[in-house]
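Below: the structure, in structure tokens.
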Amino acid sequence: MKLTQAIENLEDKGFLDIHFEKEINYIDEINKLRKEKNAVILAHYYQRPEIQDIADFVGDSLALAQKAAETQADMIVFAGVHFMAETAKILNPSKKVVLPDLKAGCSLADSCPPSDFEEFVKKHPNHVVVSYVNTSAEIKALTDIVCTSSNAEKIINSIPKDQPIIFAPDRNLGAYLIEKTGREMLLWDGSCLVHEAFSIDKILNLYIENPDAEIIAHPESQAHILKIAKYIGSTAGLLNYVKTSTSKKFIVATEAGILHKMQKEATDKILIAAPSKEDNCNCSECAFMKLNTLKKLYLCMKYELPDVEIEEELRKKAVKSINRMLEISK
Ligand code: 13P
Ligand code: SF4
């Protein structure tokens, strides 16, 4: 085979894109692939700005699950972390679900291993199990009702008052819900690395320097951070608060990626990312979310890999608890 023919063959298979870093306009190519493959790109607010900007829809974990459940697209491209793509596949199994990087996990989901959790649930019979969406399919299969930070309070309040509850895996969100709803709950001892990294001292110092600012926080943050927050809510809740509040300045205690959308939708507001305990680290950025890049987004659309597959028996068990959440959230 002649060299030119060999190169053409490799080019047809797309290998040269990867190995020879040929000049590629990722935005143009992603737009072409989106049309050709009838794909929808769903992105979480913590994604890199360029990924949020090319997505068909950017949202919090509840809105993304709802979009994934109802989409007519043939391929769901999930720019988020693994549990989010997995939830999309559980809800809409006939679709191909791809994600840019299979290693995009979640420290909170990892803090709840299925075999340990199964034992915990068995030790506490007669409890209704409510799990945060940041969990694996196996945990969802052991769960009665899934929730997200947008609907957690509503879901806890929908459970009869005399019914004991297990809440997993986030101890901070769990403690916040106990305070908000007045319900006793057994909490799993898990947490998110990013939301546990915020420094109360540095946030308070920032507040002293910016007394006109409002502190707002995601409920995965620790109790002492939530105590000083004027508003607590999911990523979508925080975005909406910044847009509608009469204040001009905000100290935002959640993953810093959301500042991109906030600034786009509230151009007149001043946004300050809450600082973390460690100096010189990107601790307020989720390393898992940031694994996704435009190049990987392009490659996963082109090769339809990596894709999420889920065994049907497990899917059928897991979908029940997600559907209960979607029903209650209507
Ligand atoms: P939201 O449900 O607010 O989008 O949060 C998801 C998440 O991973 C928070 O760390
Ligand atoms: Fe998981 Fe925390 Fe990253 Fe959200 S920010 S995806 S909870 S590790």
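Order determines the names: the first chain of the structure tokens is A, the second B, and so forth; residues in each chain are numbered 1 upward, and ligands are numbered 1 upward as they are shown.
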
TODO: Could you find all residues in region 123-261 of chain A that DSSP calls helix (DSSP H, G or I) from the backbone, and write them as a ChimeraX atom specification?
DONE: /A:123,137-141,152-157,171-181,200-209,223-227,235-244,258-261

- [ ] Select the residues contacting ligand 1 at a distance of at most 9 Å, based on only C-alpha atoms and all ligand atoms, then format the selection as a ChimeraX atom specification.
- [x] /A:44-46,59-64,80-81,84,106,108,132-134,147-151,192,194-195,218-220,233-238,254-255,286,289

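Residue neighbourhood of Ala217 (chain A), excluding near-sequence residues (fewer than 3 positions): Ser221, Leu226, Ala229, Tyr231, Ile232, Gly233, Val252, Ala253 and Thr254 of chain A, at 7 Å, using only C-alpha atoms.
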
Write the selection just made, keeping N, CA and C atoms, as a PDB file, in the first residue's frame?
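As a result, selection.pdb now contains:
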ATOM      1  N   SER A 221     -22.314  21.950  51.187  1.00  0.00           N
ATOM      2  CA  SER A 221     -21.283  22.606  52.017  1.00  0.00           C
ATOM      3  C   SER A 221     -21.512  22.258  53.484  1.00  0.00           C
ATOM      4  N   LEU A 226     -23.045  26.882  55.748  1.00  0.00           N
ATOM      5  CA  LEU A 226     -24.476  27.104  55.499  1.00  0.00           C
ATOM      6  C   LEU A 226     -25.060  28.109  56.500  1.00  0.00           C
ATOM      7  N   ALA A 229     -24.735  31.573  55.273  1.00  0.00           N
ATOM      8  CA  ALA A 229     -25.252  31.849  53.921  1.00  0.00           C
ATOM      9  C   ALA A 229     -26.626  32.515  53.990  1.00  0.00           C
ATOM     10  N   TYR A 231     -28.538  32.608  51.301  1.00  0.00           N
ATOM     11  CA  TYR A 231     -29.400  31.723  50.494  1.00  0.00           C
ATOM     12  C   TYR A 231     -28.675  30.393  50.297  1.00  0.00           C
ATOM     13  N   ILE A 232     -29.446  29.289  50.403  1.00  0.00           N
ATOM     14  CA  ILE A 232     -28.886  27.944  50.193  1.00  0.00           C
ATOM     15  C   ILE A 232     -29.715  27.287  49.096  1.00  0.00           C
ATOM     16  N   GLY A 233     -29.062  26.732  48.092  1.00  0.00           N
ATOM     17  CA  GLY A 233     -29.846  26.082  47.039  1.00  0.00           C
ATOM     18  C   GLY A 233     -28.993  25.289  46.078  1.00  0.00           C
ATOM     19  N   VAL A 252     -19.882  33.112  46.272  1.00  0.00           N
ATOM     20  CA  VAL A 252     -20.594  31.901  45.853  1.00  0.00           C
ATOM     21  C   VAL A 252     -19.862  30.637  46.328  1.00  0.00           C
ATOM     22  N   ALA A 253     -20.472  29.909  47.263  1.00  0.00           N
ATOM     23  CA  ALA A 253     -19.847  28.687  47.787  1.00  0.00           C
ATOM     24  C   ALA A 253     -20.427  27.447  47.095  1.00  0.00           C
ATOM     25  N   THR A 254     -19.936  27.232  45.897  1.00  0.00           N
ATOM     26  CA  THR A 254     -20.161  25.968  45.197  1.00  0.00           C
ATOM     27  C   THR A 254     -19.061  25.868  44.142  1.00  0.00           C
TER      28      THR A 254
END

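Minimum distance to ligand 2 across A:Leu173, A:Ala109, A:Ile139, A:Ile228 (counting only C-alpha atoms and all ligand atoms) occurs at A:Ala109.
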
TODO: Determine, counting only C-alpha atoms, which protein, DNA and RNA residues have an atom within 12 Å of an atom of Val130 (chain A); residues of the same chain fewer than 5 positions away are not included. Present the result as a PyMOL selection string.
DONE: chain A and resi 121+135+139-148+151-159+163-170+173-174+177+185-188+321-322+324-325

Restricting the output to N, CA, C and O atoms, write the selected residues as a short mmCIF file (atom, residue, chain, number, x, y, z; two decimals), in the first residue's frame.
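Now in selection-v3.cif:
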data_model
loop_
_atom_site.label_atom_id
_atom_site.label_comp_id
_atom_site.auth_asym_id
_atom_site.auth_seq_id
_atom_site.Cartn_x
_atom_site.Cartn_y
_atom_site.Cartn_z
N VAL A 121 -28.48 -0.74 55.06
CA VAL A 121 -29.94 -0.73 54.85
C VAL A 121 -30.57 -1.95 55.54
O VAL A 121 -31.61 -1.83 56.19
N THR A 135 -25.06 9.11 43.09
CA THR A 135 -24.80 7.74 43.52
C THR A 135 -24.76 6.84 42.29
O THR A 135 -25.27 7.21 41.23
N ILE A 139 -26.60 1.78 44.01
CA ILE A 139 -27.20 2.44 45.18
C ILE A 139 -28.64 2.83 44.86
O ILE A 139 -29.55 2.66 45.69
N LYS A 140 -28.85 3.30 43.65
CA LYS A 140 -30.24 3.70 43.28
C LYS A 140 -31.16 2.48 43.33
O LYS A 140 -32.34 2.60 43.66
N ALA A 141 -30.61 1.31 43.00
CA ALA A 141 -31.41 0.08 43.04
C ALA A 141 -31.77 -0.31 44.48
O ALA A 141 -32.72 -1.04 44.71
N LEU A 142 -30.99 0.18 45.46
CA LEU A 142 -31.26 -0.11 46.88
C LEU A 142 -32.10 0.99 47.52
O LEU A 142 -32.31 1.01 48.74
N THR A 143 -32.53 1.95 46.69
CA THR A 143 -33.17 3.18 47.18
C THR A 143 -34.67 3.18 46.87
O THR A 143 -35.09 2.66 45.85
N ASP A 144 -35.45 3.82 47.75
CA ASP A 144 -36.89 3.97 47.47
C ASP A 144 -37.16 5.22 46.65
O ASP A 144 -37.94 5.19 45.71
N ILE A 145 -36.55 6.33 47.05
CA ILE A 145 -36.76 7.59 46.30
C ILE A 145 -35.42 8.31 46.15
O ILE A 145 -34.72 8.55 47.13
N VAL A 146 -35.10 8.66 44.92
CA VAL A 146 -33.90 9.46 44.65
C VAL A 146 -34.28 10.93 44.86
O VAL A 146 -35.45 11.29 44.78
N CYS A 147 -33.29 11.77 45.16
CA CYS A 147 -33.57 13.21 45.20
C CYS A 147 -32.36 13.96 44.66
O CYS A 147 -31.28 13.38 44.50
N THR A 148 -32.55 15.23 44.37
CA THR A 148 -31.42 16.11 44.05
C THR A 148 -31.49 17.27 45.03
O THR A 148 -32.46 17.37 45.80
N ASN A 151 -34.89 19.22 44.88
CA ASN A 151 -36.19 18.71 45.33
C ASN A 151 -36.11 17.93 46.65
O ASN A 151 -37.11 17.36 47.09
N ALA A 152 -34.93 17.88 47.29
CA ALA A 152 -34.75 17.03 48.47
C ALA A 152 -35.75 17.34 49.58
O ALA A 152 -36.35 16.43 50.17
N GLU A 153 -35.97 18.64 49.84
CA GLU A 153 -36.88 19.02 50.93
C GLU A 153 -38.30 18.53 50.62
O GLU A 153 -38.98 17.96 51.48
N LYS A 154 -38.72 18.74 49.37
CA LYS A 154 -40.06 18.32 48.94
C LYS A 154 -40.22 16.81 49.09
O LYS A 154 -41.26 16.31 49.53
N ILE A 155 -39.17 16.09 48.74
CA ILE A 155 -39.24 14.63 48.80
C ILE A 155 -39.31 14.14 50.24
O ILE A 155 -40.14 13.29 50.58
N ILE A 156 -38.50 14.71 51.11
CA ILE A 156 -38.56 14.31 52.53
C ILE A 156 -39.96 14.64 53.09
O ILE A 156 -40.56 13.84 53.80
N ASN A 157 -40.48 15.82 52.74
CA ASN A 157 -41.80 16.21 53.25
C ASN A 157 -42.94 15.35 52.70
O ASN A 157 -44.03 15.33 53.26
N SER A 158 -42.69 14.66 51.59
CA SER A 158 -43.74 13.81 51.00
C SER A 158 -43.86 12.47 51.73
O SER A 158 -44.79 11.70 51.50
N ILE A 159 -42.90 12.19 52.61
CA ILE A 159 -42.89 10.91 53.33
C ILE A 159 -43.67 11.07 54.64
O ILE A 159 -43.44 12.04 55.37
N GLN A 163 -42.75 7.83 59.49
CA GLN A 163 -41.93 6.86 58.74
C GLN A 163 -40.44 7.15 58.92
O GLN A 163 -39.96 8.22 58.53
N PRO A 164 -39.67 6.22 59.52
CA PRO A 164 -38.23 6.48 59.65
C PRO A 164 -37.53 6.50 58.28
O PRO A 164 -37.95 5.79 57.35
N ILE A 165 -36.49 7.33 58.18
CA ILE A 165 -35.83 7.56 56.89
C ILE A 165 -34.31 7.35 57.01
O ILE A 165 -33.69 7.78 57.97
N ILE A 166 -33.76 6.70 55.99
CA ILE A 166 -32.29 6.69 55.80
C ILE A 166 -32.00 7.69 54.70
O ILE A 166 -32.68 7.68 53.66
N PHE A 167 -31.02 8.57 54.92
CA PHE A 167 -30.63 9.50 53.86
C PHE A 167 -29.16 9.29 53.51
O PHE A 167 -28.29 9.30 54.37
N ALA A 168 -28.89 9.13 52.20
CA ALA A 168 -27.51 8.88 51.76
C ALA A 168 -27.24 9.63 50.45
O ALA A 168 -28.18 9.96 49.73
N PRO A 169 -25.99 9.84 50.06
CA PRO A 169 -24.80 9.61 50.88
C PRO A 169 -24.25 10.89 51.53
O PRO A 169 -23.30 10.80 52.28
N ASP A 170 -24.84 12.07 51.27
CA ASP A 170 -24.18 13.30 51.71
C ASP A 170 -24.59 13.72 53.12
O ASP A 170 -25.73 14.15 53.34
N LEU A 173 -25.76 17.63 53.24
CA LEU A 173 -27.12 17.84 52.75
C LEU A 173 -28.12 17.20 53.72
O LEU A 173 -29.17 17.77 54.03
N GLY A 174 -27.77 16.02 54.24
CA GLY A 174 -28.64 15.31 55.18
C GLY A 174 -28.88 16.14 56.43
O GLY A 174 -30.02 16.32 56.88
N LEU A 177 -31.12 19.00 55.74
CA LEU A 177 -32.52 18.58 55.58
C LEU A 177 -33.18 18.28 56.93
O LEU A 177 -34.36 18.55 57.12
N MET A 185 -33.37 11.66 60.69
CA MET A 185 -32.99 10.74 59.61
C MET A 185 -31.67 10.08 59.97
O MET A 185 -30.80 10.70 60.59
N LEU A 186 -31.53 8.83 59.55
CA LEU A 186 -30.22 8.16 59.69
C LEU A 186 -29.38 8.58 58.50
O LEU A 186 -29.79 8.39 57.36
N LEU A 187 -28.18 9.14 58.77
CA LEU A 187 -27.37 9.67 57.67
C LEU A 187 -26.21 8.76 57.33
O LEU A 187 -25.53 8.24 58.23
N TRP A 188 -25.96 8.59 56.05
CA TRP A 188 -24.73 7.95 55.58
C TRP A 188 -23.62 8.99 55.68
O TRP A 188 -23.85 10.18 55.47
N SER A 321 -36.71 4.14 41.64
CA SER A 321 -36.48 5.21 42.61
C SER A 321 -36.30 6.57 41.91
O SER A 321 -36.62 7.61 42.48
N ILE A 322 -35.80 6.54 40.67
CA ILE A 322 -35.66 7.82 39.95
C ILE A 322 -37.04 8.30 39.48
O ILE A 322 -37.37 9.48 39.57
N ARG A 324 -39.85 7.72 40.88
CA ARG A 324 -40.61 8.26 42.03
C ARG A 324 -40.22 9.71 42.27
O ARG A 324 -41.07 10.55 42.56
N MET A 325 -38.92 9.99 42.15
CA MET A 325 -38.47 11.38 42.30
C MET A 325 -39.12 12.27 41.23
O MET A 325 -39.63 13.34 41.54
#

Task: Residue among A:Lys95, A:Lys37, A:Lys103, A:Lys248 lying closest to ligand 2, counting only C-alpha atoms and all ligand atoms - done: A:Lys103

Task: All residues 9 Å or closer to Pro275 (chain A), only C-alpha atoms, same chain fewer than 4 positions away omitted, as a list in words - done: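 Here the qualifying residues turn out to be Ala197, Phe198, Ser199, Ile200, Lys202, Ile203, Leu206, Ala253, Asp279, Cys283 and Ser284 of chain A.
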
Open item on the list: Just want the 8 Å neighbourhood of Pro100 (chain A), counted on only C-alpha atoms, with same-chain residues fewer than 2 positions away dropped. Output as a PyMOL selection string.
Closed with: chain A and resi 77-79+98+102+292-293+296-300+305-306

- [ ] Identify which of the residues A:Gln72, A:Ser107, A:Ser136, A:Asn282 lies closest to ligand 2, counting only C-alpha atoms and all ligand atoms when measuring atom-to-atom distances.
- [x]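 With only C-alpha atoms and all ligand atoms as the atom set, the closest residue is A:Ser107.
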
Task: Nearest to Ala39 (chain A) by atom-to-atom distance, counting only C-alpha atoms, from A:Ala266, A:Glu304, A:Ile27, A:Ser111 - done: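 Checking each candidate against Ala39 (chain A), we get A:Glu304 as the closest.
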